[in-house]
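*Asks:* Pasting a structure below so you can have a look.
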2 protein chains.
Amino acid sequence: MSTSSRFAVAVHVLTLMAWAEDEPLKSEHVAESVNTNAVVIRRMLCELAESKLVVSQSGAMGGSKLAREPEQITLLDIYQAVESRGVFSLHRHPPNRHCPVGVNIGPVLNQVLDEVDTAVERVLANITIKDVVSRLQPCVSTAAPKRKQVRKEQVLVAGN
Amino acid sequence: MSTSSRFAVAVHVLTLMAWAEDEPLKSEHVAESVNTNAVVIRRMLCELAESKLVVSQSGAMGGSKLAREPEQITLLDIYQAVESRGVFSLHRHPPNRHCPVGVNIGPVLNQVLDEVDTAVERVLANITIKDVVSRLQPCVSTAAPKRKQVRKEQVLVAGN
DNA sequence: GGCAACTGTAACTATATTGGTTACAGACGA
DNA sequence: TCGTCTGTAACCAATATAGTTACAGTTGCC
């Protein structure tokens, strides 16, 4: 299969925003945390905004933040926002319709792929961004008592 | 994600062999049913043979057949034989280690991806090739009463 | 032995997807 | 109006899959 990192990056991005609470993050800062280019992040933010998971503001002092509370955003929401296709695909070219297996394998495979997709979705639906932030906590527990904006950004990306 | 059709094709191939029972199928015939090139099929058959799901024989009258009974081959076996990577991937480049989220998101994401992979594997482990053939049956029930080899191949790929 | 029919595999090309980069128009706060 | 952002187009690079030709090696059969 062709797994991309889009889902992982999207979860990372929304986790950053949950971590930052209501403060808008600039794509440049998010990109530094994710370790990629700011345009890659902005492209993804557009998709996340279309799915109403984040809201962005242009202009000076702009940036992006969560559109709703972290506990109201599941990983399934994120998955559906950034991964268009299912886990598996059918044949590139349709099978031979003159073969009794070829002509019937499609529906059967679709049943199976649906079962797989459903299982994946069931797992993702039960994990929220708040859960992800919580699982992060044990390692950084008292590390970043959020205070003022400037302080926060230094903490978020201390590498600069 | 990057879903390929390798899994779908592999299931198709093994289903053909279960359908053909113990008679060895030529890559050329399998390719016609799948509607692709025979070399693509032979490459896949090599992977399936490495995983001990099929056995192939060279030379005249050669071909490939299942290495064990259809009810002893699960879709998980096939998935593991032809799909190297998991459903999702982590970041292409590791996140920023100076960011409290970036440095901790990896293990959390790995937990999630493991849960997803496990869910997928649980579904696939419960479906055998025999099940797939059975699900095929309703559409072709009495269609191909297997008799002699020549007759069988005509039925398998009637398009030629 | 020699031929014909297979598999296994290398080498190459084509195509698609993802990710990275530069560039720039438009929005917006101060 | 100026500087700082987002949104987006237009590329390029890297990678994975798939398709194709070609051919060496194996095997059954005459």
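How things are named: the first chain in the structure tokens is A, the next is B, and so on; residues count from 1 in each chain; ligands count from 1 in the order shown.
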From the DSSP assignment of the backbone, select every residue of chain B that is strand (DSSP E or B), and format the answer as a PyMOL selection string.
*Replies:* chain B and resi 25+54-57+63-66+74+128
*Asks:* Next, dump the selected residues to file, keeping only C-alpha atoms, as a PDB file, in the first residue's frame.
*Replies:*
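Wrote it out as again28.pdb, contents follow:
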ATOM      1  CA  LEU B  25      -2.216 -22.227 -13.402  1.00  0.00           C
ATOM      2  CA  VAL B  54       1.834 -20.879  -3.382  1.00  0.00           C
ATOM      3  CA  VAL B  55       4.189 -23.330  -5.041  1.00  0.00           C
ATOM      4  CA  SER B  56       5.367 -22.891  -8.604  1.00  0.00           C
ATOM      5  CA  GLN B  57       6.899 -25.280 -11.054  1.00  0.00           C
ATOM      6  CA  GLY B  63       2.422 -23.313 -13.256  1.00  0.00           C
ATOM      7  CA  SER B  64       1.458 -22.284  -9.756  1.00  0.00           C
ATOM      8  CA  LYS B  65      -1.038 -23.583  -7.239  1.00  0.00           C
ATOM      9  CA  LEU B  66      -1.885 -23.056  -3.593  1.00  0.00           C
ATOM     10  CA  THR B  74      -6.196 -16.002   5.470  1.00  0.00           C
ATOM     11  CA  THR B 128      -9.885 -17.132   4.380  1.00  0.00           C
TER      12      THR B 128
END
*Asks:* So which bits of range 12-150 of chain A end up helix (DSSP H, G or I) when you DSSP the backbone, as a PDB file with N, CA and C atoms, in the first residue's frame?
*Replies:*
ATOM      1  N   HIS A  12      -0.285  15.840  14.042  1.00  0.00           N
ATOM      2  CA  HIS A  12       0.748  16.662  14.671  1.00  0.00           C
ATOM      3  C   HIS A  12       0.320  18.137  14.691  1.00  0.00           C
ATOM      4  N   VAL A  13      -0.164  18.607  13.569  1.00  0.00           N
ATOM      5  CA  VAL A  13      -0.553  20.013  13.455  1.00  0.00           C
ATOM      6  C   VAL A  13      -1.679  20.347  14.438  1.00  0.00           C
ATOM      7  N   LEU A  14      -2.707  19.511  14.461  1.00  0.00           N
ATOM      8  CA  LEU A  14      -3.835  19.813  15.348  1.00  0.00           C
ATOM      9  C   LEU A  14      -3.440  19.656  16.815  1.00  0.00           C
ATOM     10  N   THR A  15      -2.506  18.761  17.063  1.00  0.00           N
ATOM     11  CA  THR A  15      -2.028  18.615  18.442  1.00  0.00           C
ATOM     12  C   THR A  15      -1.296  19.872  18.898  1.00  0.00           C
ATOM     13  N   LEU A  16      -0.514  20.423  17.992  1.00  0.00           N
ATOM     14  CA  LEU A  16       0.150  21.683  18.301  1.00  0.00           C
ATOM     15  C   LEU A  16      -0.856  22.757  18.661  1.00  0.00           C
ATOM     16  N   MET A  17      -1.932  22.815  17.896  1.00  0.00           N
ATOM     17  CA  MET A  17      -2.939  23.858  18.133  1.00  0.00           C
ATOM     18  C   MET A  17      -3.672  23.639  19.447  1.00  0.00           C
ATOM     19  N   ALA A  18      -3.927  22.380  19.755  1.00  0.00           N
ATOM     20  CA  ALA A  18      -4.561  22.093  21.039  1.00  0.00           C
ATOM     21  C   ALA A  18      -3.619  22.497  22.176  1.00  0.00           C
ATOM     22  N   TRP A  19      -2.379  22.213  21.981  1.00  0.00           N
ATOM     23  CA  TRP A  19      -1.342  22.563  22.957  1.00  0.00           C
ATOM     24  C   TRP A  19      -1.272  24.076  23.147  1.00  0.00           C
ATOM     25  N   SER A  27       1.853  29.412  10.145  1.00  0.00           N
ATOM     26  CA  SER A  27       2.264  28.219   9.388  1.00  0.00           C
ATOM     27  C   SER A  27       3.770  28.019   9.482  1.00  0.00           C
ATOM     28  N   GLU A  28       4.502  29.105   9.554  1.00  0.00           N
ATOM     29  CA  GLU A  28       5.955  29.006   9.651  1.00  0.00           C
ATOM     30  C   GLU A  28       6.375  28.280  10.933  1.00  0.00           C
ATOM     31  N   HIS A  29       5.713  28.595  12.023  1.00  0.00           N
ATOM     32  CA  HIS A  29       6.066  27.944  13.285  1.00  0.00           C
ATOM     33  C   HIS A  29       5.652  26.484  13.305  1.00  0.00           C
ATOM     34  N   VAL A  30       4.466  26.218  12.775  1.00  0.00           N
ATOM     35  CA  VAL A  30       4.020  24.828  12.697  1.00  0.00           C
ATOM     36  C   VAL A  30       4.996  24.024  11.847  1.00  0.00           C
ATOM     37  N   ALA A  31       5.406  24.626  10.736  1.00  0.00           N
ATOM     38  CA  ALA A  31       6.330  23.922   9.834  1.00  0.00           C
ATOM     39  C   ALA A  31       7.632  23.586  10.548  1.00  0.00           C
ATOM     40  N   GLU A  32       8.078  24.459  11.417  1.00  0.00           N
ATOM     41  CA  GLU A  32       9.321  24.183  12.127  1.00  0.00           C
ATOM     42  C   GLU A  32       9.167  23.002  13.081  1.00  0.00           C
ATOM     43  N   SER A  33       8.022  22.909  13.714  1.00  0.00           N
ATOM     44  CA  SER A  33       7.805  21.776  14.613  1.00  0.00           C
ATOM     45  C   SER A  33       7.707  20.472  13.826  1.00  0.00           C
ATOM     46  N   VAL A  34       6.998  20.528  12.700  1.00  0.00           N
ATOM     47  CA  VAL A  34       6.804  19.324  11.892  1.00  0.00           C
ATOM     48  C   VAL A  34       8.069  18.995  11.102  1.00  0.00           C
ATOM     49  N   ALA A  38       6.656  25.534   5.045  1.00  0.00           N
ATOM     50  CA  ALA A  38       5.427  26.204   5.487  1.00  0.00           C
ATOM     51  C   ALA A  38       4.296  26.068   4.469  1.00  0.00           C
ATOM     52  N   VAL A  39       4.648  25.968   3.192  1.00  0.00           N
ATOM     53  CA  VAL A  39       3.588  25.838   2.186  1.00  0.00           C
ATOM     54  C   VAL A  39       2.895  24.487   2.304  1.00  0.00           C
ATOM     55  N   VAL A  40       3.667  23.464   2.620  1.00  0.00           N
ATOM     56  CA  VAL A  40       3.085  22.140   2.828  1.00  0.00           C
ATOM     57  C   VAL A  40       2.052  22.223   3.950  1.00  0.00           C
ATOM     58  N   ILE A  41       2.399  22.943   4.993  1.00  0.00           N
ATOM     59  CA  ILE A  41       1.483  23.102   6.123  1.00  0.00           C
ATOM     60  C   ILE A  41       0.257  23.906   5.723  1.00  0.00           C
ATOM     61  N   ARG A  42       0.480  24.978   4.984  1.00  0.00           N
ATOM     62  CA  ARG A  42      -0.672  25.809   4.601  1.00  0.00           C
ATOM     63  C   ARG A  42      -1.623  25.043   3.703  1.00  0.00           C
ATOM     64  N   ARG A  43      -1.066  24.209   2.808  1.00  0.00           N
ATOM     65  CA  ARG A  43      -1.937  23.389   1.960  1.00  0.00           C
ATOM     66  C   ARG A  43      -2.801  22.477   2.830  1.00  0.00           C
ATOM     67  N   MET A  44      -2.174  21.880   3.821  1.00  0.00           N
ATOM     68  CA  MET A  44      -2.913  20.974   4.685  1.00  0.00           C
ATOM     69  C   MET A  44      -3.929  21.754   5.530  1.00  0.00           C
ATOM     70  N   LEU A  45      -3.554  22.943   5.982  1.00  0.00           N
ATOM     71  CA  LEU A  45      -4.475  23.749   6.778  1.00  0.00           C
ATOM     72  C   LEU A  45      -5.717  24.103   5.975  1.00  0.00           C
ATOM     73  N   CYS A  46      -5.551  24.301   4.678  1.00  0.00           N
ATOM     74  CA  CYS A  46      -6.713  24.588   3.844  1.00  0.00           C
ATOM     75  C   CYS A  46      -7.688  23.413   3.851  1.00  0.00           C
ATOM     76  N   GLU A  47      -7.119  22.202   3.726  1.00  0.00           N
ATOM     77  CA  GLU A  47      -7.992  21.024   3.754  1.00  0.00           C
ATOM     78  C   GLU A  47      -8.666  20.895   5.108  1.00  0.00           C
ATOM     79  N   LEU A  48      -7.907  21.152   6.174  1.00  0.00           N
ATOM     80  CA  LEU A  48      -8.474  21.038   7.513  1.00  0.00           C
ATOM     81  C   LEU A  48      -9.531  22.115   7.743  1.00  0.00           C
ATOM     82  N   ALA A  49      -9.338  23.259   7.116  1.00  0.00           N
ATOM     83  CA  ALA A  49     -10.329  24.333   7.251  1.00  0.00           C
ATOM     84  C   ALA A  49     -11.604  23.992   6.493  1.00  0.00           C
ATOM     85  N   GLU A  50     -11.442  23.367   5.329  1.00  0.00           N
ATOM     86  CA  GLU A  50     -12.625  22.951   4.561  1.00  0.00           C
ATOM     87  C   GLU A  50     -13.461  21.968   5.360  1.00  0.00           C
ATOM     88  N   PRO A  70     -10.596  20.506  21.621  1.00  0.00           N
ATOM     89  CA  PRO A  70      -9.812  19.299  21.290  1.00  0.00           C
ATOM     90  C   PRO A  70     -10.576  18.006  21.533  1.00  0.00           C
ATOM     91  N   GLU A  71     -11.448  18.002  22.524  1.00  0.00           N
ATOM     92  CA  GLU A  71     -12.191  16.763  22.798  1.00  0.00           C
ATOM     93  C   GLU A  71     -13.335  16.560  21.796  1.00  0.00           C
ATOM     94  N   GLN A  72     -13.560  17.561  20.952  1.00  0.00           N
ATOM     95  CA  GLN A  72     -14.602  17.451  19.928  1.00  0.00           C
ATOM     96  C   GLN A  72     -14.026  17.107  18.554  1.00  0.00           C
ATOM     97  N   LEU A  75      -9.668  11.583  15.662  1.00  0.00           N
ATOM     98  CA  LEU A  75      -8.704  11.264  14.606  1.00  0.00           C
ATOM     99  C   LEU A  75      -9.420  10.844  13.327  1.00  0.00           C
ATOM    100  N   LEU A  76     -10.645  10.367  13.479  1.00  0.00           N
ATOM    101  CA  LEU A  76     -11.411  10.033  12.273  1.00  0.00           C
ATOM    102  C   LEU A  76     -11.724  11.295  11.472  1.00  0.00           C
ATOM    103  N   ASP A  77     -12.069  12.367  12.180  1.00  0.00           N
ATOM    104  CA  ASP A  77     -12.314  13.641  11.500  1.00  0.00           C
ATOM    105  C   ASP A  77     -11.088  14.028  10.684  1.00  0.00           C
ATOM    106  N   ILE A  78      -9.935  13.862  11.293  1.00  0.00           N
ATOM    107  CA  ILE A  78      -8.691  14.266  10.637  1.00  0.00           C
ATOM    108  C   ILE A  78      -8.406  13.364   9.448  1.00  0.00           C
ATOM    109  N   TYR A  79      -8.577  12.074   9.678  1.00  0.00           N
ATOM    110  CA  TYR A  79      -8.349  11.087   8.616  1.00  0.00           C
ATOM    111  C   TYR A  79      -9.209  11.402   7.398  1.00  0.00           C
ATOM    112  N   GLN A  80     -10.474  11.659   7.652  1.00  0.00           N
ATOM    113  CA  GLN A  80     -11.369  11.935   6.530  1.00  0.00           C
ATOM    114  C   GLN A  80     -11.045  13.261   5.852  1.00  0.00           C
ATOM    115  N   ALA A  81     -10.455  14.174   6.623  1.00  0.00           N
ATOM    116  CA  ALA A  81     -10.139  15.477   6.036  1.00  0.00           C
ATOM    117  C   ALA A  81      -8.933  15.410   5.101  1.00  0.00           C
ATOM    118  N   VAL A  82      -7.976  14.559   5.411  1.00  0.00           N
ATOM    119  CA  VAL A  82      -6.719  14.609   4.648  1.00  0.00           C
ATOM    120  C   VAL A  82      -6.392  13.351   3.847  1.00  0.00           C
ATOM    121  N   PRO A 100     -15.040 -16.301 -14.662  1.00  0.00           N
ATOM    122  CA  PRO A 100     -16.023 -16.328 -13.572  1.00  0.00           C
ATOM    123  C   PRO A 100     -15.471 -15.763 -12.264  1.00  0.00           C
ATOM    124  N   VAL A 101     -14.184 -15.884 -12.056  1.00  0.00           N
ATOM    125  CA  VAL A 101     -13.614 -15.255 -10.868  1.00  0.00           C
ATOM    126  C   VAL A 101     -13.465 -13.757 -11.102  1.00  0.00           C
ATOM    127  N   GLY A 102     -12.885 -13.400 -12.235  1.00  0.00           N
ATOM    128  CA  GLY A 102     -12.648 -11.987 -12.529  1.00  0.00           C
ATOM    129  C   GLY A 102     -13.909 -11.154 -12.481  1.00  0.00           C
ATOM    130  N   VAL A 103     -14.998 -11.714 -12.962  1.00  0.00           N
ATOM    131  CA  VAL A 103     -16.219 -10.923 -13.046  1.00  0.00           C
ATOM    132  C   VAL A 103     -16.883 -10.764 -11.686  1.00  0.00           C
ATOM    133  N   ASN A 104     -16.538 -11.640 -10.736  1.00  0.00           N
ATOM    134  CA  ASN A 104     -17.220 -11.605  -9.438  1.00  0.00           C
ATOM    135  C   ASN A 104     -16.349 -11.169  -8.273  1.00  0.00           C
ATOM    136  N   ILE A 105     -15.072 -11.048  -8.517  1.00  0.00           N
ATOM    137  CA  ILE A 105     -14.169 -10.763  -7.402  1.00  0.00           C
ATOM    138  C   ILE A 105     -14.343  -9.320  -6.913  1.00  0.00           C
ATOM    139  N   GLY A 106     -14.759  -8.439  -7.805  1.00  0.00           N
ATOM    140  CA  GLY A 106     -14.880  -7.024  -7.446  1.00  0.00           C
ATOM    141  C   GLY A 106     -15.785  -6.788  -6.254  1.00  0.00           C
ATOM    142  N   PRO A 107     -17.039  -7.202  -6.326  1.00  0.00           N
ATOM    143  CA  PRO A 107     -17.945  -7.006  -5.193  1.00  0.00           C
ATOM    144  C   PRO A 107     -17.444  -7.651  -3.912  1.00  0.00           C
ATOM    145  N   VAL A 108     -16.861  -8.835  -4.030  1.00  0.00           N
ATOM    146  CA  VAL A 108     -16.367  -9.515  -2.830  1.00  0.00           C
ATOM    147  C   VAL A 108     -15.228  -8.720  -2.207  1.00  0.00           C
ATOM    148  N   LEU A 109     -14.312  -8.255  -3.054  1.00  0.00           N
ATOM    149  CA  LEU A 109     -13.207  -7.454  -2.538  1.00  0.00           C
ATOM    150  C   LEU A 109     -13.731  -6.168  -1.911  1.00  0.00           C
ATOM    151  N   ASN A 110     -14.732  -5.583  -2.529  1.00  0.00           N
ATOM    152  CA  ASN A 110     -15.285  -4.357  -1.962  1.00  0.00           C
ATOM    153  C   ASN A 110     -15.870  -4.595  -0.579  1.00  0.00           C
ATOM    154  N   GLN A 111     -16.529  -5.720  -0.404  1.00  0.00           N
ATOM    155  CA  GLN A 111     -17.020  -6.066   0.930  1.00  0.00           C
ATOM    156  C   GLN A 111     -15.879  -6.087   1.931  1.00  0.00           C
ATOM    157  N   VAL A 112     -14.797  -6.752   1.526  1.00  0.00           N
ATOM    158  CA  VAL A 112     -13.657  -6.891   2.434  1.00  0.00           C
ATOM    159  C   VAL A 112     -13.053  -5.520   2.732  1.00  0.00           C
ATOM    160  N   LEU A 113     -12.840  -4.734   1.698  1.00  0.00           N
ATOM    161  CA  LEU A 113     -12.224  -3.428   1.900  1.00  0.00           C
ATOM    162  C   LEU A 113     -13.103  -2.547   2.776  1.00  0.00           C
ATOM    163  N   ASP A 114     -14.418  -2.706   2.633  1.00  0.00           N
ATOM    164  CA  ASP A 114     -15.326  -1.950   3.496  1.00  0.00           C
ATOM    165  C   ASP A 114     -15.174  -2.379   4.950  1.00  0.00           C
ATOM    166  N   GLU A 115     -15.059  -3.675   5.164  1.00  0.00           N
ATOM    167  CA  GLU A 115     -14.880  -4.158   6.541  1.00  0.00           C
ATOM    168  C   GLU A 115     -13.610  -3.578   7.144  1.00  0.00           C
ATOM    169  N   VAL A 116     -12.543  -3.531   6.315  1.00  0.00           N
ATOM    170  CA  VAL A 116     -11.266  -2.996   6.798  1.00  0.00           C
ATOM    171  C   VAL A 116     -11.413  -1.510   7.113  1.00  0.00           C
ATOM    172  N   ASP A 117     -11.984  -0.776   6.180  1.00  0.00           N
ATOM    173  CA  ASP A 117     -12.155   0.656   6.401  1.00  0.00           C
ATOM    174  C   ASP A 117     -12.978   0.922   7.656  1.00  0.00           C
ATOM    175  N   THR A 118     -14.026   0.141   7.830  1.00  0.00           N
ATOM    176  CA  THR A 118     -14.874   0.325   9.003  1.00  0.00           C
ATOM    177  C   THR A 118     -14.088   0.088  10.287  1.00  0.00           C
ATOM    178  N   ALA A 119     -13.251  -0.946  10.274  1.00  0.00           N
ATOM    179  CA  ALA A 119     -12.453  -1.241  11.472  1.00  0.00           C
ATOM    180  C   ALA A 119     -11.499  -0.093  11.772  1.00  0.00           C
ATOM    181  N   VAL A 120     -10.893   0.436  10.731  1.00  0.00           N
ATOM    182  CA  VAL A 120      -9.967   1.553  10.917  1.00  0.00           C
ATOM    183  C   VAL A 120     -10.719   2.758  11.483  1.00  0.00           C
ATOM    184  N   GLU A 121     -11.868   3.022  10.908  1.00  0.00           N
ATOM    185  CA  GLU A 121     -12.627   4.189  11.337  1.00  0.00           C
ATOM    186  C   GLU A 121     -13.101   4.052  12.779  1.00  0.00           C
ATOM    187  N   ARG A 122     -13.407   2.824  13.164  1.00  0.00           N
ATOM    188  CA  ARG A 122     -13.871   2.614  14.531  1.00  0.00           C
ATOM    189  C   ARG A 122     -12.760   2.952  15.526  1.00  0.00           C
ATOM    190  N   VAL A 123     -11.546   2.588  15.175  1.00  0.00           N
ATOM    191  CA  VAL A 123     -10.421   2.908  16.055  1.00  0.00           C
ATOM    192  C   VAL A 123     -10.218   4.420  16.122  1.00  0.00           C
ATOM    193  N   LEU A 124     -10.209   5.046  14.967  1.00  0.00           N
ATOM    194  CA  LEU A 124      -9.895   6.476  14.919  1.00  0.00           C
ATOM    195  C   LEU A 124     -10.985   7.324  15.555  1.00  0.00           C
ATOM    196  N   ALA A 125     -12.220   6.836  15.467  1.00  0.00           N
ATOM    197  CA  ALA A 125     -13.336   7.610  16.010  1.00  0.00           C
ATOM    198  C   ALA A 125     -13.274   7.689  17.529  1.00  0.00           C
ATOM    199  N   ILE A 129      -8.247  14.549  19.808  1.00  0.00           N
ATOM    200  CA  ILE A 129      -7.008  15.319  19.916  1.00  0.00           C
ATOM    201  C   ILE A 129      -6.670  15.560  21.383  1.00  0.00           C
ATOM    202  N   LYS A 130      -7.712  15.680  22.189  1.00  0.00           N
ATOM    203  CA  LYS A 130      -7.438  15.840  23.614  1.00  0.00           C
ATOM    204  C   LYS A 130      -6.727  14.610  24.170  1.00  0.00           C
ATOM    205  N   ASP A 131      -7.153  13.426  23.703  1.00  0.00           N
ATOM    206  CA  ASP A 131      -6.481  12.195  24.127  1.00  0.00           C
ATOM    207  C   ASP A 131      -5.013  12.217  23.723  1.00  0.00           C
ATOM    208  N   VAL A 132      -4.772  12.672  22.517  1.00  0.00           N
ATOM    209  CA  VAL A 132      -3.388  12.705  22.036  1.00  0.00           C
ATOM    210  C   VAL A 132      -2.560  13.631  22.916  1.00  0.00           C
ATOM    211  N   VAL A 133      -3.125  14.802  23.217  1.00  0.00           N
ATOM    212  CA  VAL A 133      -2.404  15.735  24.082  1.00  0.00           C
ATOM    213  C   VAL A 133      -2.154  15.093  25.448  1.00  0.00           C
ATOM    214  N   SER A 134      -3.141  14.354  25.948  1.00  0.00           N
ATOM    215  CA  SER A 134      -2.964  13.705  27.250  1.00  0.00           C
ATOM    216  C   SER A 134      -1.849  12.675  27.205  1.00  0.00           C
ATOM    217  N   ARG A 135      -1.827  11.893  26.141  1.00  0.00           N
ATOM    218  CA  ARG A 135      -0.785  10.868  26.034  1.00  0.00           C
ATOM    219  C   ARG A 135       0.592  11.519  25.903  1.00  0.00           C
ATOM    220  N   LEU A 136       0.589  12.764  25.464  1.00  0.00           N
ATOM    221  CA  LEU A 136       1.839  13.514  25.350  1.00  0.00           C
ATOM    222  C   LEU A 136       2.324  13.935  26.725  1.00  0.00           C
ATOM    223  N   GLN A 137       1.379  14.227  27.576  1.00  0.00           N
ATOM    224  CA  GLN A 137       1.680  14.849  28.854  1.00  0.00           C
ATOM    225  C   GLN A 137       2.739  14.156  29.706  1.00  0.00           C
ATOM    226  N   PRO A 138       2.626  12.846  29.902  1.00  0.00           N
ATOM    227  CA  PRO A 138       3.545  12.218  30.859  1.00  0.00           C
ATOM    228  C   PRO A 138       5.008  12.588  30.626  1.00  0.00           C
ATOM    229  N   CYS A 139       5.327  12.880  29.370  1.00  0.00           N
ATOM    230  CA  CYS A 139       6.714  13.161  29.043  1.00  0.00           C
ATOM    231  C   CYS A 139       7.070  14.627  29.268  1.00  0.00           C
ATOM    232  N   VAL A 140       6.065  15.487  29.261  1.00  0.00           N
ATOM    233  CA  VAL A 140       6.352  16.912  29.305  1.00  0.00           C
ATOM    234  C   VAL A 140       5.554  17.596  30.396  1.00  0.00           C
ATOM    235  N   GLN A 149       1.992  34.975  25.118  1.00  0.00           N
ATOM    236  CA  GLN A 149       2.221  34.547  23.743  1.00  0.00           C
ATOM    237  C   GLN A 149       3.707  34.365  23.400  1.00  0.00           C
ATOM    238  N   VAL A 150       4.485  35.350  23.708  1.00  0.00           N
ATOM    239  CA  VAL A 150       5.893  35.294  23.329  1.00  0.00           C
ATOM    240  C   VAL A 150       6.568  34.091  23.976  1.00  0.00           C
TER     241      VAL A 150
END
*Asks:* When distances are computed from only C-alpha atoms, which of A:Arg97, A:Asn35, A:His91, A:Pro24 shows the smallest separation from Ser58 in chain A?
*Replies:* A:Pro24
*Asks:* Chain C residues within 12 Å of chain A, counting only C-alpha atoms (C1' of nucleotides): which ones, as a list in words?
*Replies:*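 The answer, sorted by residue number, is DT15, DA16, DT17, DT18, DG19, DG20, DT21, DT22, DA23, DG26, DA27, DC28, DG29 and DA30 of chain C.
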*Asks:* Produce a file of the selected residues containing C-alpha atoms (C1' of nucleotides), as an mmCIF file, in the first residue's frame.
*Replies:*
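Full text of selection27.cif as output:
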data_model
loop_
_atom_site.group_PDB
_atom_site.id
_atom_site.type_symbol
_atom_site.label_atom_id
_atom_site.label_comp_id
_atom_site.auth_asym_id
_atom_site.auth_seq_id
_atom_site.Cartn_x
_atom_site.Cartn_y
_atom_site.Cartn_z
ATOM 1 C "C1'" DT C 15 2.543 7.146 -14.602
ATOM 2 C "C1'" DA C 16 0.863 8.838 -10.256
ATOM 3 C "C1'" DT C 17 1.377 10.618 -5.699
ATOM 4 C "C1'" DT C 18 3.656 13.043 -2.301
ATOM 5 C "C1'" DG C 19 6.502 16.451 -0.725
ATOM 6 C "C1'" DG C 20 9.521 20.523 -1.261
ATOM 7 C "C1'" DT C 21 10.395 25.149 -3.245
ATOM 8 C "C1'" DT C 22 9.802 29.776 -5.160
ATOM 9 C "C1'" DA C 23 6.864 33.292 -6.167
ATOM 10 C "C1'" DG C 26 -4.647 39.461 -1.382
ATOM 11 C "C1'" DA C 27 -5.978 40.245 3.604
ATOM 12 C "C1'" DC C 28 -5.258 42.693 7.670
ATOM 13 C "C1'" DG C 29 -3.348 44.984 11.957
ATOM 14 C "C1'" DA C 30 -0.810 48.876 13.539
#
*Asks:* Rounded to one decimal, what separation in Å do you get between CA of Phe88 in chain B and CA of Leu53 in chain A?
*Replies:*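 If I compute the distance from CA of Phe88 in chain B to CA of Leu53 in chain A, I get 20.6 Å.
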*Asks:* Could you work out which residues of chain D fall inside 10 Å of chain A? Count only C-alpha atoms (C1' of nucleotides), and format the result as a PDB file with C-alpha atoms (C1' of nucleotides), in the first residue's frame.
*Replies:*
ATOM      1  C1'  DG D   3       5.049  44.787   7.182  1.00  0.00           C
ATOM      2  C1'  DT D   4       3.184  40.332   8.238  1.00  0.00           C
ATOM      3  C1'  DC D   5       0.454  36.807   7.361  1.00  0.00           C
ATOM      4  C1'  DT D   6      -2.550  33.280   4.386  1.00  0.00           C
ATOM      5  C1'  DG D   7      -3.948  31.150  -0.017  1.00  0.00           C
ATOM      6  C1'  DT D   8      -2.489  29.321  -4.186  1.00  0.00           C
ATOM      7  C1'  DA D  16       6.245   3.544  -5.688  1.00  0.00           C
ATOM      8  C1'  DT D  17       3.604   0.943  -8.738  1.00  0.00           C
ATOM      9  C1'  DA D  18       2.785  -1.002 -12.946  1.00  0.00           C
TER      10       DA D  18
END
*Asks:* Which is closer to chain B than all the others in A:Ile73, A:Ala10, A:Ile127, A:Cys99, using only C-alpha atoms?
*Replies:*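 Counting only C-alpha atoms, the residue closest to chain B is A:Cys99.
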*Asks:* Looking at only C-alpha atoms, which of A:Thr3, A:Asn126, A:Ser84, A:Lys52 is the one that sits closest to chain B?
*Replies:*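 Distance minimum relative to chain B lands on A:Thr3.
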*Asks:* State, in Å with one decimal place, the distance from C1' of DA14 in chain D to CA of Phe7 in chain B.
*Replies:* 24.0 Å
